[in-house]
Amino acid sequence: NAGVMQNPRHLVRRRGQEARLRCSPMKGHSHVYWYRQLPEEGLKFMVYLQKENIIDESGMPKERFSAEFPKEGPSILRIQQVVRGDSAAYFCASSPGTSGSTTDTQYFGPGTRLTVL
Amino acid sequence: DAKTTQPNSMESNEEEPVHLPCNHSTISGTDYIHWYRQLPSQGPEYVIHGLTSNVNNRMASLAIAEDRKSSTLILHRATLRDAAVYYCIPNTGNQFYFGTGTSLTVIP
């Protein structure tokens, strides 16, 4: 049973370019979460999605960041017009969504390390 | 959101037990307590979770205080592969709040 897949594992962008990060949840999981980890810091929640719905985006920056989880295909975290401060590791997690949000265990992918030059 | 307090770092000798404490005094009655660990350059890895009773699995044991204001993750025999940052996370819903965790060093 494959775990959570993220690609690319490393992404380099110049300031002003767009970054697209992909996440394929574990088989059978319908809930996806995105987190960001700045250097030397803990993970910070960004957004929680179910298929075709954004459930909680309270951790997303108001501008330039967007996320989607279409009916078919991976979840995408999109960062427009990247700046140096966006350099971080971005982790995706998935959960089955069957036992309720207070008990659902989240399983994390290996992350995408974004470097903005 | 339940706040947590964990030691910044701990050391353990290889093959000895390790007790990693966490205070979560503002936890609510329905919050499960999750523990994750993160090895260098990897994503967080689920370790264990529980609500009120002590829990055991193949990786670790979780001891939860009767008042639920604290918990302790127990690694019964530390190995070099257990060197990681350990996060205690009271689950308040959709979001997991990762603090700074405890950086565990295992000494050969």
# chains A, B, ... in the order shown; residues from 1 in each chain; ligands from 1

$ closest_atom_pairs --of "chain A" --to "chain B" --cutoff "12 Å" --atoms "only C-alpha atoms" --output "tab-separated table"
residue	atom	partner	partner_atom	distance
A:Gly3	CA	B:Glu45	CA	11.2
A:Val4	CA	B:Gly43	CA	10.1
A:Met5	CA	B:Gly43	CA	11.0
A:Gln6	CA	B:Gly43	CA	10.6
A:Arg9	CA	B:Gln42	CA	10.7
A:His10	CA	B:Ser41	CA	11.5
A:His31	CA	B:Asn94	CA	9.8
A:Val32	CA	B:Asn94	CA	10.1
A:Tyr33	CA	B:Gln95	CA	8.2
A:Trp34	CA	B:Gln95	CA	9.6
A:Tyr35	CA	B:Phe96	CA	9.2
A:Arg36	CA	B:Phe98	CA	10.7
A:Gln37	CA	B:Phe98	CA	9.9
A:Leu38	CA	B:Thr100	CA	11.8
A:Pro39	CA	B:Ser41	CA	10.9
A:Glu40	CA	B:Thr100	CA	8.9
A:Glu41	CA	B:Thr100	CA	6.6
A:Gly42	CA	B:Thr100	CA	5.3
A:Leu43	CA	B:Phe98	CA	5.5
A:Lys44	CA	B:Phe98	CA	6.7
A:Phe45	CA	B:Gln95	CA	6.2
A:Met46	CA	B:Gln95	CA	8.5
A:Val47	CA	B:Gln95	CA	8.3
A:Tyr48	CA	B:Asn94	CA	7.0
A:Leu49	CA	B:Asn94	CA	9.7
A:Gln50	CA	B:Asn94	CA	11.3
A:Ile54	CA	B:Asn94	CA	11.8
A:Ile55	CA	B:Asn94	CA	8.8
A:Asp56	CA	B:Asn94	CA	7.7
A:Glu57	CA	B:Gln95	CA	10.1
A:Ser58	CA	B:Gln95	CA	9.6
A:Gly59	CA	B:Gln95	CA	9.2
A:Ala88	CA	B:Ser41	CA	11.7
A:Ala89	CA	B:Ser41	CA	9.0
A:Tyr90	CA	B:Gly43	CA	9.3
A:Phe91	CA	B:Gly43	CA	6.8
A:Cys92	CA	B:Gly43	CA	8.7
A:Ala93	CA	B:Gly43	CA	9.1
A:Ser94	CA	B:Asn94	CA	11.2
A:Ser95	CA	B:Asn94	CA	10.3
A:Gly97	CA	B:Asn94	CA	10.2
A:Ser99	CA	B:Gly93	CA	11.7
A:Gly100	CA	B:Gly93	CA	8.6
A:Ser101	CA	B:Gly93	CA	5.1
A:Thr102	CA	B:Gly93	CA	4.8
A:Thr103	CA	B:Tyr32	CA	6.3
A:Asp104	CA	B:Asn94	CA	8.6
A:Thr105	CA	B:Tyr46	CA	7.7
A:Gln106	CA	B:Tyr46	CA	7.5
A:Tyr107	CA	B:Tyr46	CA	6.7
A:Phe108	CA	B:Gly43	CA	5.8
A:Gly109	CA	B:Gly43	CA	5.7
A:Pro110	CA	B:Gly43	CA	4.6
A:Gly111	CA	B:Gly43	CA	6.0
A:Thr112	CA	B:Gly43	CA	9.6
A:Arg113	CA	B:Ser41	CA	9.3

$ residues_around --residues "range 73-76 of chain B" --least-positions-apart "5" --cutoff "9 Å" --atoms "only C-alpha atoms" --output "ChimeraX atom specification"
/B:15-22,35,48,59-64,82,88

$ residues_around --residues "Leu21 in chain A" --least-positions-apart "3" --cutoff "7 Å" --atoms "only C-alpha atoms" --output "number ranges by chain"
A: 7-8, 76-78

$ write_last_selection --atoms "N, CA and C atoms" --output "PDB file, in the first residue's frame"
ATOM      1  N   ASN A   7       5.188  15.255  -5.270  1.00  0.00           N
ATOM      2  CA  ASN A   7       6.196  15.592  -6.278  1.00  0.00           C
ATOM      3  C   ASN A   7       6.015  17.017  -6.742  1.00  0.00           C
ATOM      4  N   PRO A   8       7.111  17.646  -7.128  1.00  0.00           N
ATOM      5  CA  PRO A   8       8.460  17.094  -7.045  1.00  0.00           C
ATOM      6  C   PRO A   8       8.982  17.094  -5.611  1.00  0.00           C
ATOM      7  N   ILE A  76      -3.386  19.818  -5.536  1.00  0.00           N
ATOM      8  CA  ILE A  76      -2.379  20.769  -6.005  1.00  0.00           C
ATOM      9  C   ILE A  76      -2.338  21.963  -5.052  1.00  0.00           C
ATOM     10  N   LEU A  77      -1.131  22.307  -4.629  1.00  0.00           N
ATOM     11  CA  LEU A  77      -0.904  23.569  -3.921  1.00  0.00           C
ATOM     12  C   LEU A  77      -0.172  24.482  -4.892  1.00  0.00           C
ATOM     13  N   ARG A  78      -0.760  25.622  -5.147  1.00  0.00           N
ATOM     14  CA  ARG A  78      -0.220  26.533  -6.149  1.00  0.00           C
ATOM     15  C   ARG A  78       0.213  27.829  -5.474  1.00  0.00           C
TER      16      ARG A  78
END

$ closest_residue --among "A:Glu18, A:Ala2, A:Glu68, A:Leu11" --to "Val82 in chain A" --atoms "only C-alpha atoms"
A:Glu18

$ residues_around --residues "Ala65 in chain B" --least-positions-apart "3" --cutoff "9 Å" --atoms "only C-alpha atoms" --output "list in words"
Thr52, Ser53, Asn54, Arg68, Lys69, Ser70, Ser71 and Thr72 of chain B

$ write_last_selection --atoms "all heavy atoms" --output "PDB file, in the first residue's frame"
ATOM      1  N   THR B  52      -7.918   8.445  26.693  1.00  0.00           N
ATOM      2  CA  THR B  52      -7.864   8.441  28.158  1.00  0.00           C
ATOM      3  C   THR B  52      -7.011   7.306  28.699  1.00  0.00           C
ATOM      4  O   THR B  52      -6.305   7.480  29.671  1.00  0.00           O
ATOM      5  CB  THR B  52      -9.278   8.299  28.757  1.00  0.00           C
ATOM      6  OG1 THR B  52      -9.884   7.117  28.199  1.00  0.00           O
ATOM      7  CG2 THR B  52     -10.130   9.519  28.439  1.00  0.00           C
ATOM      8  N   SER B  53      -7.092   6.176  28.052  1.00  0.00           N
ATOM      9  CA  SER B  53      -6.381   5.009  28.569  1.00  0.00           C
ATOM     10  C   SER B  53      -4.969   4.957  27.997  1.00  0.00           C
ATOM     11  O   SER B  53      -4.675   5.524  26.958  1.00  0.00           O
ATOM     12  CB  SER B  53      -7.121   3.732  28.160  1.00  0.00           C
ATOM     13  OG  SER B  53      -8.445   3.768  28.614  1.00  0.00           O
ATOM     14  N   ASN B  54      -4.116   4.273  28.687  1.00  0.00           N
ATOM     15  CA  ASN B  54      -2.776   4.046  28.160  1.00  0.00           C
ATOM     16  C   ASN B  54      -2.873   3.163  26.925  1.00  0.00           C
ATOM     17  O   ASN B  54      -3.751   2.305  26.808  1.00  0.00           O
ATOM     18  CB  ASN B  54      -1.900   3.404  29.228  1.00  0.00           C
ATOM     19  CG  ASN B  54      -1.654   4.344  30.391  1.00  0.00           C
ATOM     20  OD1 ASN B  54      -1.887   5.548  30.301  1.00  0.00           O
ATOM     21  ND2 ASN B  54      -1.189   3.792  31.505  1.00  0.00           N
ATOM     22  N   ARG B  68      -5.647  14.079  32.256  1.00  0.00           N
ATOM     23  CA  ARG B  68      -5.371  14.298  30.830  1.00  0.00           C
ATOM     24  C   ARG B  68      -4.586  15.573  30.564  1.00  0.00           C
ATOM     25  O   ARG B  68      -4.474  16.003  29.424  1.00  0.00           O
ATOM     26  CB  ARG B  68      -6.672  14.319  30.023  1.00  0.00           C
ATOM     27  CG  ARG B  68      -7.364  13.004  30.039  1.00  0.00           C
ATOM     28  CD  ARG B  68      -8.461  12.767  29.016  1.00  0.00           C
ATOM     29  NE  ARG B  68      -8.812  13.865  28.171  1.00  0.00           N
ATOM     30  CZ  ARG B  68      -8.491  13.956  26.893  1.00  0.00           C
ATOM     31  NH1 ARG B  68      -7.758  13.032  26.323  1.00  0.00           N
ATOM     32  NH2 ARG B  68      -8.887  14.991  26.174  1.00  0.00           N
ATOM     33  N   LYS B  69      -4.021  16.166  31.566  1.00  0.00           N
ATOM     34  CA  LYS B  69      -3.262  17.394  31.344  1.00  0.00           C
ATOM     35  C   LYS B  69      -1.824  17.125  30.945  1.00  0.00           C
ATOM     36  O   LYS B  69      -1.065  18.057  30.651  1.00  0.00           O
ATOM     37  CB  LYS B  69      -3.308  18.258  32.607  1.00  0.00           C
ATOM     38  CG  LYS B  69      -4.708  18.785  32.930  1.00  0.00           C
ATOM     39  CD  LYS B  69      -4.679  19.712  34.119  1.00  0.00           C
ATOM     40  CE  LYS B  69      -6.085  20.164  34.497  1.00  0.00           C
ATOM     41  NZ  LYS B  69      -6.770  20.876  33.403  1.00  0.00           N
ATOM     42  N   SER B  70      -1.435  15.893  30.946  1.00  0.00           N
ATOM     43  CA  SER B  70      -0.090  15.553  30.495  1.00  0.00           C
ATOM     44  C   SER B  70      -0.077  14.126  29.966  1.00  0.00           C
ATOM     45  O   SER B  70      -0.987  13.329  30.253  1.00  0.00           O
ATOM     46  CB  SER B  70       0.929  15.688  31.635  1.00  0.00           C
ATOM     47  OG  SER B  70       0.657  14.736  32.649  1.00  0.00           O
ATOM     48  N   SER B  71       0.929  13.833  29.188  1.00  0.00           N
ATOM     49  CA  SER B  71       1.115  12.469  28.691  1.00  0.00           C
ATOM     50  C   SER B  71       2.602  12.218  28.515  1.00  0.00           C
ATOM     51  O   SER B  71       3.413  13.168  28.486  1.00  0.00           O
ATOM     52  CB  SER B  71       0.366  12.252  27.369  1.00  0.00           C
ATOM     53  OG  SER B  71       0.840  13.113  26.358  1.00  0.00           O
ATOM     54  N   THR B  72       2.947  10.953  28.419  1.00  0.00           N
ATOM     55  CA  THR B  72       4.350  10.560  28.258  1.00  0.00           C
ATOM     56  C   THR B  72       4.450   9.503  27.171  1.00  0.00           C
ATOM     57  O   THR B  72       3.740   8.492  27.224  1.00  0.00           O
ATOM     58  CB  THR B  72       4.926   9.996  29.569  1.00  0.00           C
ATOM     59  OG1 THR B  72       4.814  10.994  30.598  1.00  0.00           O
ATOM     60  CG2 THR B  72       6.388   9.615  29.402  1.00  0.00           C
TER      61      THR B  72
END

$ select_by_dssp --residues "range 36-85 of chain A" --states "strand (DSSP E)" --output "MDAnalysis selection string"
chainID A and resid 36:37 43:50 53:56 65:68 75:79

$ residues_around --residues "Ser9 in chain B" --least-positions-apart "6" --cutoff "6 Å" --atoms "only C-alpha atoms" --output "PyMOL selection string"
chain B and resi 102-104

$ write_last_selection --atoms "C-alpha atoms" --output "mmCIF file, in the first residue's frame"
data_model
loop_
_atom_site.group_PDB
_atom_site.id
_atom_site.type_symbol
_atom_site.label_atom_id
_atom_site.label_comp_id
_atom_site.auth_asym_id
_atom_site.auth_seq_id
_atom_site.Cartn_x
_atom_site.Cartn_y
_atom_site.Cartn_z
ATOM 1 C CA THR B 102 11.555 17.434 21.644
ATOM 2 C CA SER B 103 14.742 16.643 19.784
ATOM 3 C CA LEU B 104 15.849 13.184 20.909
#
